[in-house]
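Structure below is query05.txt: compact mmCIF, C-alpha atoms.
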```txt
# COMPACT_ATOMS: atom_id res chain seq x y z
CA MET D 162 -8.71 9.44 2.00
CA VAL D 163 -5.28 9.12 3.56
CA LEU D 164 -4.27 12.03 5.76
CA PRO D 165 -1.38 14.09 4.39
CA GLY D 166 1.83 12.96 6.04
CA PHE D 167 0.58 9.51 7.05
CA PHE D 168 2.48 7.40 4.55
CA GLU D 169 5.48 9.71 4.75
CA GLY D 170 5.63 8.87 8.45
CA VAL D 171 5.27 5.13 7.84
CA LEU D 172 8.00 5.12 5.19
CA SER D 173 10.35 7.03 7.47
CA GLN D 174 9.74 4.64 10.36
CA ILE D 175 10.53 1.55 8.26
CA GLY D 176 13.62 3.14 6.71
CA ALA D 177 12.18 3.51 3.20
CA PRO D 178 12.57 6.62 1.06
CA VAL D 179 9.67 9.04 0.90
CA THR D 180 9.14 9.23 -2.85
CA THR D 181 6.25 9.85 -5.19
CA ASN D 182 6.64 6.24 -6.28
CA ASN D 183 6.37 4.76 -2.77
CA LEU D 184 3.50 7.08 -1.88
CA GLY D 185 1.65 5.97 -5.03
CA VAL D 186 2.15 2.29 -4.16
CA LEU D 187 0.87 2.80 -0.59
CA ASN D 188 -2.11 4.83 -1.79
CA THR D 189 -2.95 2.06 -4.25
CA TRP D 190 -2.76 -0.46 -1.42
CA ALA D 191 -4.99 1.72 0.78
CA HIS D 192 -7.53 1.96 -2.05
CA PHE D 193 -7.78 -1.84 -2.14
CA GLU D 194 -8.04 -2.03 1.65
CA GLY D 195 -11.07 0.23 1.71
CA GLY D 196 -12.64 1.06 5.04
CA ASN D 197 -12.58 4.11 7.22
CA ALA D 198 -10.80 3.03 10.37
CA ALA D 199 -9.42 6.05 12.22
CA PHE D 200 -5.77 6.75 11.32
CA ASN D 201 -5.46 3.30 9.74
CA PRO D 202 -5.60 3.31 5.91
CA LEU D 203 -3.96 -0.13 5.60
CA ASN D 204 -6.32 -1.66 8.19
CA THR D 205 -3.70 -3.04 10.55
CA THR D 206 -4.83 -4.98 13.61
CA LYS D 207 -1.91 -3.96 15.83
CA THR D 208 -3.11 -3.12 19.33
CA ALA D 209 -1.93 0.10 20.97
CA PRO D 210 -3.08 2.12 23.96
CA GLY D 211 -6.36 3.85 23.24
CA THR D 212 -7.37 1.68 20.28
CA THR D 213 -10.89 0.51 19.62
CA ASN D 214 -12.07 -2.14 17.22
CA TYR D 215 -13.19 -0.89 13.83
CA ASN D 216 -14.61 -4.25 12.74
CA SER D 217 -14.94 -7.89 13.74
CA ALA D 218 -11.65 -8.77 11.98
CA GLY D 219 -9.81 -6.78 14.64
CA VAL D 220 -8.85 -3.78 12.50
CA LYS D 221 -8.16 -0.94 14.89
CA ASN D 222 -9.16 2.69 15.20
CA TYR D 223 -6.20 4.68 16.52
CA ALA D 224 -6.46 7.69 18.79
CA SER D 225 -4.02 9.79 16.75
CA MET D 226 -2.22 9.87 13.44
CA GLU D 227 1.06 9.25 15.26
CA ASP D 228 -0.38 6.08 16.83
CA GLY D 229 -1.63 4.86 13.45
CA ILE D 230 1.70 5.57 11.75
CA HIS D 231 3.60 3.75 14.47
CA ALA D 232 1.26 0.72 14.46
CA THR D 233 1.42 0.45 10.66
CA ALA D 234 5.22 0.68 10.69
CA VAL D 235 5.51 -1.89 13.48
CA THR D 236 3.27 -4.24 11.52
CA LEU D 237 5.27 -3.78 8.31
CA ARG D 238 8.46 -4.64 10.21
CA LEU D 239 7.08 -8.04 11.25
CA SER D 240 8.72 -11.09 9.70
CA TYR D 241 5.58 -11.80 7.65
CA TYR D 242 6.18 -8.89 5.24
CA PRO D 243 9.81 -8.99 4.03
CA TYR D 244 9.03 -8.61 0.32
CA ILE D 245 6.78 -5.60 0.81
CA ARG D 246 9.30 -3.96 3.13
CA GLN D 247 12.19 -4.58 0.73
CA ALA D 248 10.25 -3.25 -2.27
CA LEU D 249 9.49 -0.06 -0.36
CA LYS D 250 13.09 0.31 0.84
CA GLU D 251 14.29 -0.11 -2.74
CA ASN D 252 11.63 2.31 -4.04
CA LYS D 253 10.30 -0.31 -6.47
CA SER D 254 7.57 0.85 -8.83
CA LEU D 255 4.13 -0.70 -8.88
CA SER D 256 5.16 -2.62 -12.00
CA TYR D 257 7.72 -4.47 -9.85
CA TRP D 258 4.85 -5.60 -7.61
CA TYR D 259 2.98 -7.07 -10.63
CA GLY D 260 3.33 -10.83 -10.60
CA ASN D 261 5.84 -10.73 -7.71
CA SER D 262 4.98 -13.93 -5.82
CA GLY D 263 6.69 -12.78 -2.59
CA ILE D 264 4.76 -9.51 -2.45
CA ILE D 265 1.54 -11.27 -3.45
CA GLU D 266 1.92 -13.76 -0.60
CA ASN D 267 2.80 -10.96 1.86
CA LEU D 268 -0.38 -9.10 0.84
CA LYS D 269 -2.48 -12.24 1.28
CA THR D 270 -1.01 -12.64 4.78
CA TRP D 271 -1.86 -8.99 5.50
CA GLY D 272 -5.41 -9.70 4.28
CA THR D 273 -5.44 -7.59 1.12
CA VAL D 274 -6.50 -10.47 -1.10
CA ASN D 275 -8.14 -8.32 -3.81
CA LEU D 276 -4.91 -6.42 -4.44
CA ALA D 277 -2.90 -9.65 -4.34
CA ASN D 278 -5.18 -11.14 -6.98
CA GLU D 279 -4.94 -8.05 -9.19
CA LEU D 280 -1.16 -8.08 -8.94
CA LYS D 281 -1.10 -11.76 -9.85
CA LYS D 282 -3.27 -11.13 -12.92
CA ALA D 283 -1.18 -8.12 -13.90
CA GLY D 284 1.93 -10.28 -13.83
CA ASN D 285 0.62 -11.90 -17.01
CA THR D 286 0.29 -8.56 -18.81
CA PRO D 287 2.76 -8.11 -21.69
CA PRO D 288 5.54 -5.59 -20.86
CA GLU D 289 4.59 -3.18 -23.65
CA ILE D 290 1.06 -2.89 -22.22
CA LYS D 291 2.31 -2.46 -18.63
CA LYS D 292 4.28 0.62 -19.67
CA LYS D 293 1.03 2.28 -20.77
CA ILE D 294 -1.35 0.99 -18.10
CA ILE D 295 0.64 1.32 -14.87
CA PRO D 296 1.17 5.12 -14.88
CA ALA D 297 -2.51 5.66 -15.69
CA LEU D 298 -3.58 3.24 -12.95
CA ILE D 299 -1.46 4.98 -10.32
CA LEU D 300 -2.82 8.38 -11.34
CA ALA D 301 -6.41 7.15 -11.30
CA ILE D 302 -6.16 5.50 -7.89
CA THR D 303 -4.32 8.38 -6.24
CA GLY D 304 -6.90 10.84 -7.55
CA MET D 305 -4.65 12.65 -9.96
CA ALA D 306 -5.70 13.51 -13.49
CA ILE D 307 -3.65 13.68 -16.63
CA ILE D 308 -4.39 13.70 -20.32
CA ILE D 309 -2.52 10.90 -22.03
CA THR D 310 -1.99 11.07 -25.75
CA ALA D 311 -0.42 8.39 -27.87
CA HIS D 312 2.08 9.18 -30.57
CA GLU D 313 3.11 6.41 -32.89
```
Please express what this file holds, its structure, as structure tokens.
Amino acid sequence: MVLPGFFEGVLSQIGAPVTTNNLGVLNTWAHFEGGNAAFNPLNTTKTAPGTTNYNSAGVKNYASMEDGIHATAVTLRLSYYPYIRQALKENKSLSYWYGNSGIIENLKTWGTVNLANELKKAGNTPPEIKKKIIPALILAITGMAIIITAHE
């Protein structure tokens, strides 16, 4: 579970709006990252004072939420992640990420290959299906519940 305020802090530090949309995207990403590194839901490997290794890949445990927010934001500002950063700054919905080759490559560089693969597959989903699936997917991953009824 991501600590309340974590992604709000990251978004603020990279100059992206704190919106329900951006928070949903980051929570989806964190879900695909998995793991339980301290104050590090996106499993960054950025070294900072007081960090310890969470795993052999170099993912870090941070001493505080502020340290984790800062390290995640610093990592997102690296030149390797321009498409992710831009999508967050422009408050792009998860559907924008579907099939977006720039974002998919940025996620592979980050190491979130499972999410990259899912986004690539989703890029082949017909638009009329995306409109129905994407809101339900975001709600399911972020732990929200809603009853969806179809009216034709």
Please measure the separation of atom CA of Pro202 of chain D and atom CA of Val163 of chain D, giving the value in Å to one decimal.
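Interatomic distance here is 6.3 Å.
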Using all atoms listed in the file, which of the listed residues (D:Gly219, D:Gly211, D:Gly272, D:Pro178) sits closest to Ala191 of chain D?
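The answer is D:Gly272, which sits nearest to Ala191 of chain D.
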How many Å separate atom CA of Leu280 of chain D from atom CA of Asn222 of chain D?
27.6 Å
Exercise: Ala234 of chain D partners within 7 Å, only C-alpha atoms, chain neighbours under 3 positions left out, as an NGL selection string
:D and (171 or 174-175 or 230-231 or 237-238)
Separation of atom CA of Val179 of chain D from atom CA of Thr208 of chain D in Å:
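Value for the atom CA of Thr208 of chain D-atom CA of Val179 of chain D distance: 25.5 Å.
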Which residue, D:Thr189, D:Trp271, D:Gly176, D:Ser262, has the smallest gap to Lys207 of chain D when you use only C-alpha atoms?
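Closest to Lys207 of chain D of all the choices is D:Trp271.
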With only C-alpha atoms as the counted atoms, please give the residues lying no more than 9 Å from Pro210 of chain D, apart from itself and same-chain residues fewer than 3 positions off, as a PyMOL selection string.
chain D and resi 223-224+228
